[in-house]
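Trainee: Here it is: the structure, laid out below.
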Amino acid sequence: MLTARSSESQTVTHDKVYRALRSRIMHGEMAPGQALTLRGIGKEFGVSMTPAREAVRRLAAEGALFLSTSGRVSTPELTNDRIEELAALRALLEVELASRALPRAHMALIDRLQSINMNVAEMVTKRDAVGYIRTNLEFHRTLYLRAQAPAMLAIAETVWLQLGPTMRALYGRLRRTDPPHNHKLIIAALQAGDEPGLRLAVRSDVTQGLRLLVS
């Protein structure tokens with residue numbers, strides 16, 4: 001029988017494994033269709049099967065992992081229809097978040113976004129796919145936090161999570177040599193207080209690349 005202390009310890013351990021795997025998946029450290037095993041997760045994190053299993057179940061519920069009827073665990077391989085659906089969700093959610101953030105977009109935020117965008121450019125120069133995805137999402141999250149719409153942002157982050165491995169595949173196809181042009185348009189629209197321009201720039205930024213994956 002679990003004591004209150006051991007139950008709390010298992011919860012903390014499970015949360016640690018969950019957050020580590022979640023970050024890897026969201027930032028494209030795993031390829032689409034990459035297999036995982038509970039034994040491998042447990043060995044890597046030095047935990048028993050129970051917290052490993054709970055972390056996997058939680059991620060599967062968020063659409064970040066796929067559990068087959070045979071019990072195989074893998075990152076999802078998205079169909080074209082699924083990519084289009086998630087791209088449409090990004091357009092709806094992130095355009096609205098950016099619009100809500102605009103009235104609170106003071107110079108400190110704009111300076112922060114410019115700094116992050118320099119880091120994005122550095123990752124492009126280094127051809128660091130994971131670093132690029134991480135800093136790109138940091139750019140968007142920093143802006144959307146100003147919307148003060150936590151429920152909407154949480155849904156957007158779940159979409160990012162489901163797209164993480166696919167974004168890694170997209171990066172390989174794009175072979176970027178320059179940072180995203182739309183980031184500069186987003187910053188310019190924030191500086192000008194231009195809501196239509198901001199909505200257009202965000203929509204273009206979050207959907208253009210994904211469309212290249214749909215054959």
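How things are named: the first chain in the structure tokens is A, the next is B, and so on; residues count from 1 in each chain; ligands count from 1 in the order shown.
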Just the alpha helix (DSSP H) stuff from stretch 69-209 of chain A, please, per backbone DSSP, written as a tab-separated table (two decimals) with N, CA, C and O atoms, in the first residue's frame.

Mentor:
```tsv
chain	number	residue	atom	x	y	z
A	80	ASN	N	-1.74	14.03	-44.34
A	80	ASN	CA	-1.91	15.38	-44.91
A	80	ASN	C	-3.13	16.08	-44.31
A	80	ASN	O	-3.09	17.28	-44.02
A	81	ASP	N	-4.22	15.33	-44.15
A	81	ASP	CA	-5.44	15.93	-43.58
A	81	ASP	C	-5.18	16.42	-42.16
A	81	ASP	O	-5.68	17.48	-41.76
A	82	ARG	N	-4.42	15.64	-41.41
A	82	ARG	CA	-4.13	16.03	-40.02
A	82	ARG	C	-3.24	17.27	-39.98
A	82	ARG	O	-3.44	18.17	-39.15
A	83	ILE	N	-2.26	17.33	-40.86
A	83	ILE	CA	-1.39	18.52	-40.93
A	83	ILE	C	-2.21	19.75	-41.27
A	83	ILE	O	-2.06	20.81	-40.66
A	84	GLU	N	-3.11	19.61	-42.24
A	84	GLU	CA	-3.96	20.75	-42.63
A	84	GLU	C	-4.85	21.20	-41.47
A	84	GLU	O	-5.06	22.39	-41.25
A	85	GLU	N	-5.38	20.21	-40.73
A	85	GLU	CA	-6.24	20.54	-39.59
A	85	GLU	C	-5.46	21.30	-38.52
A	85	GLU	O	-5.94	22.32	-37.99
A	86	LEU	N	-4.25	20.83	-38.20
A	86	LEU	CA	-3.46	21.48	-37.17
A	86	LEU	C	-2.96	22.86	-37.63
A	86	LEU	O	-2.87	23.80	-36.83
A	87	ALA	N	-2.67	23.00	-38.92
A	87	ALA	CA	-2.28	24.30	-39.46
A	87	ALA	C	-3.45	25.29	-39.34
A	87	ALA	O	-3.25	26.46	-38.99
A	88	ALA	N	-4.66	24.81	-39.62
A	88	ALA	CA	-5.84	25.66	-39.49
A	88	ALA	C	-6.05	26.08	-38.04
A	88	ALA	O	-6.42	27.23	-37.75
A	89	LEU	N	-5.82	25.14	-37.11
A	89	LEU	CA	-5.94	25.47	-35.69
A	89	LEU	C	-4.92	26.53	-35.28
A	89	LEU	O	-5.23	27.46	-34.53
A	90	ARG	N	-3.69	26.38	-35.77
A	90	ARG	CA	-2.66	27.39	-35.47
A	90	ARG	C	-3.10	28.76	-35.97
A	90	ARG	O	-2.96	29.76	-35.27
A	91	ALA	N	-3.64	28.79	-37.19
A	91	ALA	CA	-4.06	30.07	-37.75
A	91	ALA	C	-5.17	30.71	-36.92
A	91	ALA	O	-5.14	31.91	-36.64
A	92	LEU	N	-6.13	29.92	-36.50
A	92	LEU	CA	-7.24	30.45	-35.69
A	92	LEU	C	-6.76	30.93	-34.32
A	92	LEU	O	-7.04	32.07	-33.91
A	93	LEU	N	-6.05	30.06	-33.63
A	93	LEU	CA	-5.66	30.35	-32.25
A	93	LEU	C	-4.60	31.44	-32.15
A	93	LEU	O	-4.72	32.38	-31.36
A	94	GLU	N	-3.58	31.33	-32.98
A	94	GLU	CA	-2.44	32.22	-32.81
A	94	GLU	C	-2.70	33.62	-33.34
A	94	GLU	O	-2.18	34.60	-32.82
A	95	VAL	N	-3.52	33.71	-34.37
A	95	VAL	CA	-3.92	35.03	-34.85
A	95	VAL	C	-4.72	35.75	-33.76
A	95	VAL	O	-4.52	36.95	-33.50
A	96	GLU	N	-5.62	35.02	-33.11
A	96	GLU	CA	-6.42	35.62	-32.03
A	96	GLU	C	-5.54	35.99	-30.84
A	96	GLU	O	-5.72	37.07	-30.24
A	97	LEU	N	-4.60	35.14	-30.47
A	97	LEU	CA	-3.70	35.45	-29.37
A	97	LEU	C	-2.87	36.70	-29.67
A	97	LEU	O	-2.70	37.57	-28.80
A	98	ALA	N	-2.35	36.79	-30.89
A	98	ALA	CA	-1.55	37.96	-31.26
A	98	ALA	C	-2.39	39.23	-31.22
A	98	ALA	O	-1.94	40.28	-30.74
A	99	SER	N	-3.62	39.13	-31.70
A	99	SER	CA	-4.52	40.28	-31.70
A	99	SER	C	-4.80	40.76	-30.27
A	99	SER	O	-4.81	41.96	-29.99
A	100	ARG	N	-5.00	39.81	-29.36
A	100	ARG	CA	-5.26	40.17	-27.96
A	100	ARG	C	-4.01	40.72	-27.28
A	100	ARG	O	-4.10	41.49	-26.31
A	101	ALA	N	-2.84	40.32	-27.78
A	101	ALA	CA	-1.58	40.80	-27.19
A	101	ALA	C	-1.24	42.22	-27.64
A	101	ALA	O	-0.53	42.94	-26.92
A	107	MET	N	7.28	48.54	-25.54
A	107	MET	CA	8.62	48.46	-26.13
A	107	MET	C	9.45	47.33	-25.53
A	107	MET	O	10.26	46.71	-26.23
A	108	ALA	N	9.26	47.04	-24.25
A	108	ALA	CA	10.03	45.97	-23.63
A	108	ALA	C	9.75	44.63	-24.31
A	108	ALA	O	10.66	43.82	-24.53
A	109	LEU	N	8.49	44.39	-24.67
A	109	LEU	CA	8.13	43.16	-25.37
A	109	LEU	C	8.74	43.14	-26.76
A	109	LEU	O	9.31	42.12	-27.18
A	110	ILE	N	8.65	44.24	-27.46
A	110	ILE	CA	9.19	44.31	-28.82
A	110	ILE	C	10.71	44.10	-28.80
A	110	ILE	O	11.26	43.36	-29.64
A	111	ASP	N	11.39	44.70	-27.83
A	111	ASP	CA	12.84	44.49	-27.69
A	111	ASP	C	13.15	43.02	-27.43
A	111	ASP	O	14.11	42.46	-27.97
A	112	ARG	N	12.32	42.39	-26.58
A	112	ARG	CA	12.52	40.97	-26.26
A	112	ARG	C	12.32	40.11	-27.51
A	112	ARG	O	13.09	39.17	-27.77
A	113	LEU	N	11.31	40.40	-28.29
A	113	LEU	CA	11.05	39.63	-29.52
A	113	LEU	C	12.20	39.80	-30.52
A	113	LEU	O	12.59	38.84	-31.19
A	114	GLN	N	12.74	40.99	-30.61
A	114	GLN	CA	13.87	41.22	-31.51
A	114	GLN	C	15.08	40.42	-31.05
A	114	GLN	O	15.81	39.85	-31.88
A	115	SER	N	15.29	40.36	-29.75
A	115	SER	CA	16.41	39.58	-29.21
A	115	SER	C	16.23	38.09	-29.50
A	115	SER	O	17.18	37.41	-29.91
A	116	ILE	N	15.01	37.59	-29.27
A	116	ILE	CA	14.75	36.17	-29.56
A	116	ILE	C	14.94	35.89	-31.04
A	116	ILE	O	15.49	34.85	-31.42
A	117	ASN	N	14.50	36.82	-31.88
A	117	ASN	CA	14.63	36.60	-33.33
A	117	ASN	C	16.09	36.54	-33.76
A	117	ASN	O	16.43	35.83	-34.72
A	118	MET	N	16.96	37.24	-33.05
A	118	MET	CA	18.40	37.12	-33.32
A	118	MET	C	18.88	35.71	-32.99
A	118	MET	O	19.72	35.15	-33.70
A	119	ASN	N	18.33	35.14	-31.92
A	119	ASN	CA	18.67	33.75	-31.57
A	119	ASN	C	18.15	32.78	-32.62
A	119	ASN	O	18.81	31.78	-32.94
A	120	VAL	N	16.96	33.05	-33.15
A	120	VAL	CA	16.41	32.23	-34.23
A	120	VAL	C	17.36	32.25	-35.43
A	120	VAL	O	17.69	31.21	-36.01
A	121	ALA	N	17.82	33.46	-35.78
A	121	ALA	CA	18.75	33.60	-36.91
A	121	ALA	C	20.04	32.84	-36.67
A	121	ALA	O	20.60	32.22	-37.59
A	122	GLU	N	20.52	32.85	-35.43
A	122	GLU	CA	21.74	32.12	-35.08
A	122	GLU	C	21.56	30.62	-35.27
A	122	GLU	O	22.44	29.93	-35.78
A	123	MET	N	20.39	30.11	-34.86
A	123	MET	CA	20.11	28.68	-35.02
A	123	MET	C	20.04	28.29	-36.51
A	123	MET	O	20.47	27.20	-36.89
A	124	VAL	N	19.50	29.19	-37.32
A	124	VAL	CA	19.46	28.95	-38.76
A	124	VAL	C	20.88	28.87	-39.32
A	124	VAL	O	21.21	27.97	-40.10
A	125	THR	N	21.73	29.81	-38.91
A	125	THR	CA	23.12	29.82	-39.37
A	125	THR	C	23.85	28.53	-38.98
A	125	THR	O	24.62	27.97	-39.76
A	126	LYS	N	23.56	28.05	-37.77
A	126	LYS	CA	24.19	26.82	-37.27
A	126	LYS	C	23.55	25.55	-37.85
A	126	LYS	O	24.04	24.45	-37.62
A	129	ALA	N	18.40	22.32	-36.07
A	129	ALA	CA	16.95	22.16	-36.23
A	129	ALA	C	16.21	22.28	-34.91
A	129	ALA	O	15.21	22.99	-34.80
A	130	VAL	N	16.71	21.58	-33.89
A	130	VAL	CA	16.04	21.61	-32.59
A	130	VAL	C	16.11	23.01	-31.98
A	130	VAL	O	15.13	23.52	-31.45
A	131	GLY	N	17.28	23.63	-32.08
A	131	GLY	CA	17.43	25.00	-31.57
A	131	GLY	C	16.54	25.97	-32.30
A	131	GLY	O	15.97	26.90	-31.70
A	132	TYR	N	16.38	25.76	-33.61
A	132	TYR	CA	15.50	26.63	-34.39
A	132	TYR	C	14.05	26.49	-33.94
A	132	TYR	O	13.36	27.49	-33.71
A	133	ILE	N	13.58	25.26	-33.80
A	133	ILE	CA	12.19	25.05	-33.39
A	133	ILE	C	11.96	25.62	-32.00
A	133	ILE	O	10.95	26.28	-31.73
A	134	ARG	N	12.92	25.40	-31.08
A	134	ARG	CA	12.78	25.88	-29.71
A	134	ARG	C	12.71	27.41	-29.67
A	134	ARG	O	11.83	27.98	-29.02
A	135	THR	N	13.62	28.10	-30.37
A	135	THR	CA	13.63	29.56	-30.33
A	135	THR	C	12.45	30.15	-31.10
A	135	THR	O	11.92	31.20	-30.73
A	136	ASN	N	12.02	29.46	-32.16
A	136	ASN	CA	10.85	29.92	-32.91
A	136	ASN	C	9.60	29.88	-32.03
A	136	ASN	O	8.81	30.83	-31.99
A	137	LEU	N	9.43	28.78	-31.29
A	137	LEU	CA	8.28	28.69	-30.39
A	137	LEU	C	8.40	29.68	-29.23
A	137	LEU	O	7.39	30.22	-28.76
A	138	GLU	N	9.62	29.93	-28.78
A	138	GLU	CA	9.82	30.93	-27.73
A	138	GLU	C	9.37	32.31	-28.21
A	138	GLU	O	8.77	33.09	-27.45
A	139	PHE	N	9.65	32.63	-29.47
A	139	PHE	CA	9.21	33.90	-30.06
A	139	PHE	C	7.70	34.02	-29.98
A	139	PHE	O	7.15	35.03	-29.52
A	140	HIS	N	7.01	32.96	-30.42
A	140	HIS	CA	5.54	33.00	-30.42
A	140	HIS	C	4.98	33.01	-29.00
A	140	HIS	O	4.06	33.79	-28.70
A	141	ARG	N	5.51	32.17	-28.13
A	141	ARG	CA	4.99	32.11	-26.76
A	141	ARG	C	5.17	33.45	-26.04
A	141	ARG	O	4.28	33.88	-25.29
A	142	THR	N	6.32	34.10	-26.24
A	142	THR	CA	6.58	35.39	-25.59
A	142	THR	C	5.54	36.42	-25.99
A	142	THR	O	5.04	37.19	-25.15
A	143	LEU	N	5.18	36.44	-27.26
A	143	LEU	CA	4.14	37.35	-27.73
A	143	LEU	C	2.78	36.98	-27.14
A	143	LEU	O	2.06	37.83	-26.61
A	144	TYR	N	2.43	35.72	-27.21
A	144	TYR	CA	1.09	35.29	-26.82
A	144	TYR	C	0.84	35.39	-25.32
A	144	TYR	O	-0.31	35.51	-24.90
A	145	LEU	N	1.89	35.35	-24.52
A	145	LEU	CA	1.71	35.51	-23.08
A	145	LEU	C	1.10	36.87	-22.76
A	145	LEU	O	0.38	37.03	-21.75
A	150	PRO	N	-4.77	32.36	-20.92
A	150	PRO	CA	-4.06	31.12	-20.63
A	150	PRO	C	-4.70	29.86	-21.21
A	150	PRO	O	-4.00	28.94	-21.63
A	151	ALA	N	-6.02	29.80	-21.24
A	151	ALA	CA	-6.68	28.61	-21.79
A	151	ALA	C	-6.40	28.48	-23.29
A	151	ALA	O	-6.12	27.39	-23.80
A	152	MET	N	-6.45	29.60	-23.99
A	152	MET	CA	-6.19	29.60	-25.43
A	152	MET	C	-4.74	29.24	-25.72
A	152	MET	O	-4.44	28.46	-26.64
A	153	LEU	N	-3.82	29.77	-24.91
A	153	LEU	CA	-2.40	29.46	-25.10
A	153	LEU	C	-2.13	27.99	-24.83
A	153	LEU	O	-1.33	27.36	-25.52
A	154	ALA	N	-2.79	27.43	-23.82
A	154	ALA	CA	-2.59	26.01	-23.50
A	154	ALA	C	-3.02	25.13	-24.68
A	154	ALA	O	-2.35	24.14	-25.00
A	155	ILE	N	-4.10	25.49	-25.34
A	155	ILE	CA	-4.55	24.73	-26.51
A	155	ILE	C	-3.53	24.87	-27.65
A	155	ILE	O	-3.20	23.90	-28.33
A	156	ALA	N	-3.03	26.09	-27.85
A	156	ALA	CA	-2.02	26.32	-28.88
A	156	ALA	C	-0.78	25.47	-28.62
A	156	ALA	O	-0.19	24.89	-29.55
A	157	GLU	N	-0.37	25.37	-27.37
A	157	GLU	CA	0.81	24.58	-27.03
A	157	GLU	C	0.58	23.09	-27.27
A	157	GLU	O	1.51	22.36	-27.64
A	158	THR	N	-0.64	22.63	-27.08
A	158	THR	CA	-0.96	21.24	-27.40
A	158	THR	C	-0.84	20.99	-28.89
A	158	THR	O	-0.37	19.92	-29.31
A	159	VAL	N	-1.22	21.96	-29.70
A	159	VAL	CA	-1.05	21.84	-31.15
A	159	VAL	C	0.44	21.79	-31.49
A	159	VAL	O	0.88	20.97	-32.31
A	160	TRP	N	1.24	22.65	-30.88
A	160	TRP	CA	2.70	22.62	-31.11
A	160	TRP	C	3.26	21.26	-30.74
A	160	TRP	O	4.13	20.74	-31.44
A	161	LEU	N	2.78	20.72	-29.64
A	161	LEU	CA	3.26	19.42	-29.18
A	161	LEU	C	2.97	18.33	-30.21
A	161	LEU	O	3.84	17.51	-30.52
A	162	GLN	N	1.77	18.32	-30.76
A	162	GLN	CA	1.41	17.32	-31.76
A	162	GLN	C	2.21	17.49	-33.04
A	162	GLN	O	2.48	16.52	-33.75
A	163	LEU	N	2.64	18.72	-33.31
A	163	LEU	CA	3.36	19.01	-34.56
A	163	LEU	C	4.88	18.89	-34.43
A	163	LEU	O	5.59	18.97	-35.44
A	164	GLY	N	5.40	18.72	-33.21
A	164	GLY	CA	6.84	18.78	-33.00
A	164	GLY	C	7.66	17.92	-33.95
A	164	GLY	O	8.53	18.43	-34.68
A	165	PRO	N	7.43	16.60	-34.00
A	165	PRO	CA	8.20	15.76	-34.92
A	165	PRO	C	8.02	16.16	-36.39
A	165	PRO	O	8.97	16.12	-37.18
A	166	THR	N	6.80	16.58	-36.74
A	166	THR	CA	6.53	17.01	-38.11
A	166	THR	C	7.30	18.28	-38.44
A	166	THR	O	7.79	18.44	-39.56
A	167	MET	N	7.42	19.19	-37.46
A	167	MET	CA	8.18	20.41	-37.68
A	167	MET	C	9.65	20.09	-37.94
A	167	MET	O	10.31	20.77	-38.72
A	168	ARG	N	10.16	19.06	-37.29
A	168	ARG	CA	11.54	18.64	-37.54
A	168	ARG	C	11.68	18.17	-38.99
A	168	ARG	O	12.66	18.51	-39.68
A	169	ALA	N	10.71	17.40	-39.47
A	169	ALA	CA	10.74	16.94	-40.86
A	169	ALA	C	10.64	18.12	-41.81
A	169	ALA	O	11.30	18.16	-42.86
A	170	LEU	N	9.83	19.11	-41.45
A	170	LEU	CA	9.66	20.30	-42.28
A	170	LEU	C	10.98	21.08	-42.37
A	170	LEU	O	11.37	21.53	-43.44
A	171	TYR	N	11.66	21.21	-41.24
A	171	TYR	CA	12.93	21.95	-41.23
A	171	TYR	C	13.91	21.30	-42.21
A	171	TYR	O	14.60	21.99	-42.95
A	172	GLY	N	13.96	19.96	-42.21
A	172	GLY	CA	14.85	19.26	-43.12
A	172	GLY	C	14.52	19.52	-44.58
A	172	GLY	O	15.41	19.60	-45.43
A	173	ARG	N	13.24	19.70	-44.87
A	173	ARG	CA	12.84	19.95	-46.25
A	173	ARG	C	13.10	21.39	-46.66
A	173	ARG	O	13.47	21.66	-47.81
A	174	LEU	N	12.91	22.33	-45.75
A	174	LEU	CA	13.05	23.74	-46.10
A	174	LEU	C	14.50	24.14	-46.36
A	174	LEU	O	14.77	25.01	-47.18
A	181	HIS	N	10.95	35.43	-42.46
A	181	HIS	CA	10.66	36.81	-42.84
A	181	HIS	C	9.45	37.35	-42.09
A	181	HIS	O	9.40	38.53	-41.73
A	182	ASN	N	8.49	36.49	-41.83
A	182	ASN	CA	7.27	36.95	-41.18
A	182	ASN	C	7.50	37.43	-39.75
A	182	ASN	O	6.69	38.20	-39.22
A	183	HIS	N	8.57	36.97	-39.10
A	183	HIS	CA	8.86	37.47	-37.76
A	183	HIS	C	9.13	38.98	-37.81
A	183	HIS	O	8.69	39.72	-36.92
A	184	LYS	N	9.84	39.42	-38.82
A	184	LYS	CA	10.10	40.86	-38.96
A	184	LYS	C	8.81	41.63	-39.20
A	184	LYS	O	8.62	42.74	-38.70
A	185	LEU	N	7.90	41.02	-39.97
A	185	LEU	CA	6.61	41.67	-40.23
A	185	LEU	C	5.77	41.73	-38.96
A	185	LEU	O	5.04	42.71	-38.73
A	186	ILE	N	5.85	40.67	-38.15
A	186	ILE	CA	5.13	40.66	-36.87
A	186	ILE	C	5.63	41.79	-35.98
A	186	ILE	O	4.84	42.56	-35.40
A	187	ILE	N	6.95	41.93	-35.86
A	187	ILE	CA	7.53	42.97	-35.02
A	187	ILE	C	7.17	44.35	-35.55
A	187	ILE	O	6.80	45.25	-34.78
A	188	ALA	N	7.22	44.54	-36.87
A	188	ALA	CA	6.88	45.84	-37.47
A	188	ALA	C	5.42	46.19	-37.21
A	188	ALA	O	5.10	47.35	-36.92
A	189	ALA	N	4.54	45.20	-37.31
A	189	ALA	CA	3.12	45.44	-37.06
A	189	ALA	C	2.87	45.81	-35.60
A	189	ALA	O	2.04	46.67	-35.29
A	190	LEU	N	3.59	45.17	-34.69
A	190	LEU	CA	3.47	45.51	-33.27
A	190	LEU	C	3.93	46.94	-33.02
A	190	LEU	O	3.30	47.69	-32.27
A	191	GLN	N	5.03	47.31	-33.64
A	191	GLN	CA	5.56	48.66	-33.47
A	191	GLN	C	4.58	49.71	-33.99
A	191	GLN	O	4.44	50.79	-33.42
A	192	ALA	N	3.90	49.38	-35.08
A	192	ALA	CA	2.97	50.32	-35.72
A	192	ALA	C	1.56	50.26	-35.14
A	192	ALA	O	0.70	51.08	-35.50
A	195	GLU	N	-3.13	46.13	-36.42
A	195	GLU	CA	-3.75	44.84	-36.14
A	195	GLU	C	-3.97	43.99	-37.40
A	195	GLU	O	-3.63	42.80	-37.40
A	196	PRO	N	-4.50	44.57	-38.51
A	196	PRO	CA	-4.66	43.73	-39.72
A	196	PRO	C	-3.32	43.18	-40.21
A	196	PRO	O	-3.23	42.02	-40.63
A	197	GLY	N	-2.27	44.01	-40.17
A	197	GLY	CA	-0.95	43.56	-40.60
A	197	GLY	C	-0.41	42.47	-39.69
A	197	GLY	O	0.23	41.52	-40.15
A	198	LEU	N	-0.66	42.61	-38.39
A	198	LEU	CA	-0.21	41.61	-37.43
A	198	LEU	C	-0.92	40.28	-37.66
A	198	LEU	O	-0.28	39.22	-37.68
A	199	ARG	N	-2.23	40.32	-37.84
A	199	ARG	CA	-3.00	39.10	-38.06
A	199	ARG	C	-2.52	38.38	-39.32
A	199	ARG	O	-2.37	37.15	-39.34
A	200	LEU	N	-2.26	39.14	-40.38
A	200	LEU	CA	-1.80	38.55	-41.64
A	200	LEU	C	-0.41	37.93	-41.48
A	200	LEU	O	-0.15	36.81	-41.94
A	201	ALA	N	0.48	38.64	-40.79
A	201	ALA	CA	1.85	38.15	-40.62
A	201	ALA	C	1.88	36.87	-39.78
A	201	ALA	O	2.61	35.93	-40.11
A	202	VAL	N	1.09	36.83	-38.72
A	202	VAL	CA	1.05	35.63	-37.87
A	202	VAL	C	0.45	34.46	-38.64
A	202	VAL	O	0.98	33.35	-38.61
A	203	ARG	N	-0.66	34.71	-39.34
A	203	ARG	CA	-1.29	33.63	-40.11
A	203	ARG	C	-0.33	33.06	-41.15
A	203	ARG	O	-0.21	31.84	-41.31
A	204	SER	N	0.38	33.93	-41.83
A	204	SER	CA	1.34	33.47	-42.85
A	204	SER	C	2.47	32.68	-42.21
A	204	SER	O	2.88	31.64	-42.72
A	205	ASP	N	2.95	33.17	-41.07
A	205	ASP	CA	4.10	32.53	-40.42
A	205	ASP	C	3.78	31.12	-39.95
A	205	ASP	O	4.61	30.22	-40.07
A	206	VAL	N	2.57	30.91	-39.43
A	206	VAL	CA	2.27	29.61	-38.81
A	206	VAL	C	1.70	28.60	-39.80
A	206	VAL	O	1.56	27.42	-39.45
A	207	THR	N	1.38	29.04	-41.02
A	207	THR	CA	0.79	28.09	-41.97
A	207	THR	C	1.63	27.83	-43.22
A	207	THR	O	1.55	26.74	-43.79
A	208	GLN	N	2.42	28.79	-43.65
A	208	GLN	CA	3.14	28.66	-44.93
A	208	GLN	C	4.02	27.42	-44.98
A	208	GLN	O	3.99	26.65	-45.94
A	209	GLY	N	4.83	27.24	-43.94
A	209	GLY	CA	5.75	26.10	-43.93
A	209	GLY	C	5.02	24.77	-43.93
A	209	GLY	O	5.36	23.85	-44.69
```

Trainee: Quick one: pull the distance between atom CA of A:Pro103 and atom CA of A:Leu210, Å, one decimal.

Mentor: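 Going from atom CA of A:Pro103 over to atom CA of A:Leu210 covers 28.8 Å.
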
Trainee: Run DSSP on the backbone and give me the residues of stretch 42-207 of chain A it puts in strand (DSSP E or B), as a ChimeraX atom specification.

Mentor: /A:66-67,73-74

Trainee: Env of A:Thr50: 9 Å cut, atoms = only C-alpha atoms, seq-sep filter 5 positions within chain, self excluded. Answer as a list in words.

Mentor: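 The filter keeps Gln10, His14, Leu38, Gly42 and Ala55 of chain A.
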
Trainee: Please identify all polymer residues within 12 Å of stretch 65-72 of chain A, counting only C-alpha atoms, omitting same-chain residues fewer than 3 positions from it, and present them as an MDAnalysis selection string.

Mentor: chainID A and resid 18 21:22 24:26 30:38 53 55:62 75:78 158 161:165

Trainee: Between atom CA of A:Asp128 and atom CA of A:Arg39, what is the spacing in Å?

Mentor: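 Distance reported for this atom pair: 29.3 Å.
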
Trainee: Can you pull out the residues contacting A:Phe45? Cut-off 10 Å, using only C-alpha atoms, and skip same-chain residues under 2 positions away; I want them as a list in words.

Mentor: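 So, after excluding close chain neighbours, the residues are Thr13, Lys16, Val17, Ala20, Gly40, Ile41, Gly42, Lys43, Val47, Ser48, Pro51 and Ala52 of chain A.
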
Trainee: Let me see the file: selected residues, C-alpha atoms, as a compact mmCIF listing (two decimals), in the first residue's frame.

Mentor:
```txt
# COMPACT_ATOMS: atom_id res chain seq x y z
CA THR A 13 8.85 11.53 -10.69
CA LYS A 16 9.64 15.05 -14.32
CA VAL A 17 9.59 12.33 -16.99
CA ALA A 20 11.28 16.06 -20.26
CA GLY A 40 14.04 2.50 -22.34
CA ILE A 41 12.33 5.52 -20.75
CA GLY A 42 12.70 3.99 -17.30
CA LYS A 43 16.39 3.23 -17.83
CA VAL A 47 12.62 5.39 -12.79
CA SER A 48 10.35 2.38 -12.49
CA PRO A 51 6.04 6.74 -13.80
CA ALA A 52 7.25 5.93 -17.31
```

Trainee: Would you mind telling me which residue in A:Arg127, A:Gly28, A:Arg104, A:Asp194 lies nearest to A:Gln148 when using only C-alpha atoms?

Mentor: A:Arg104
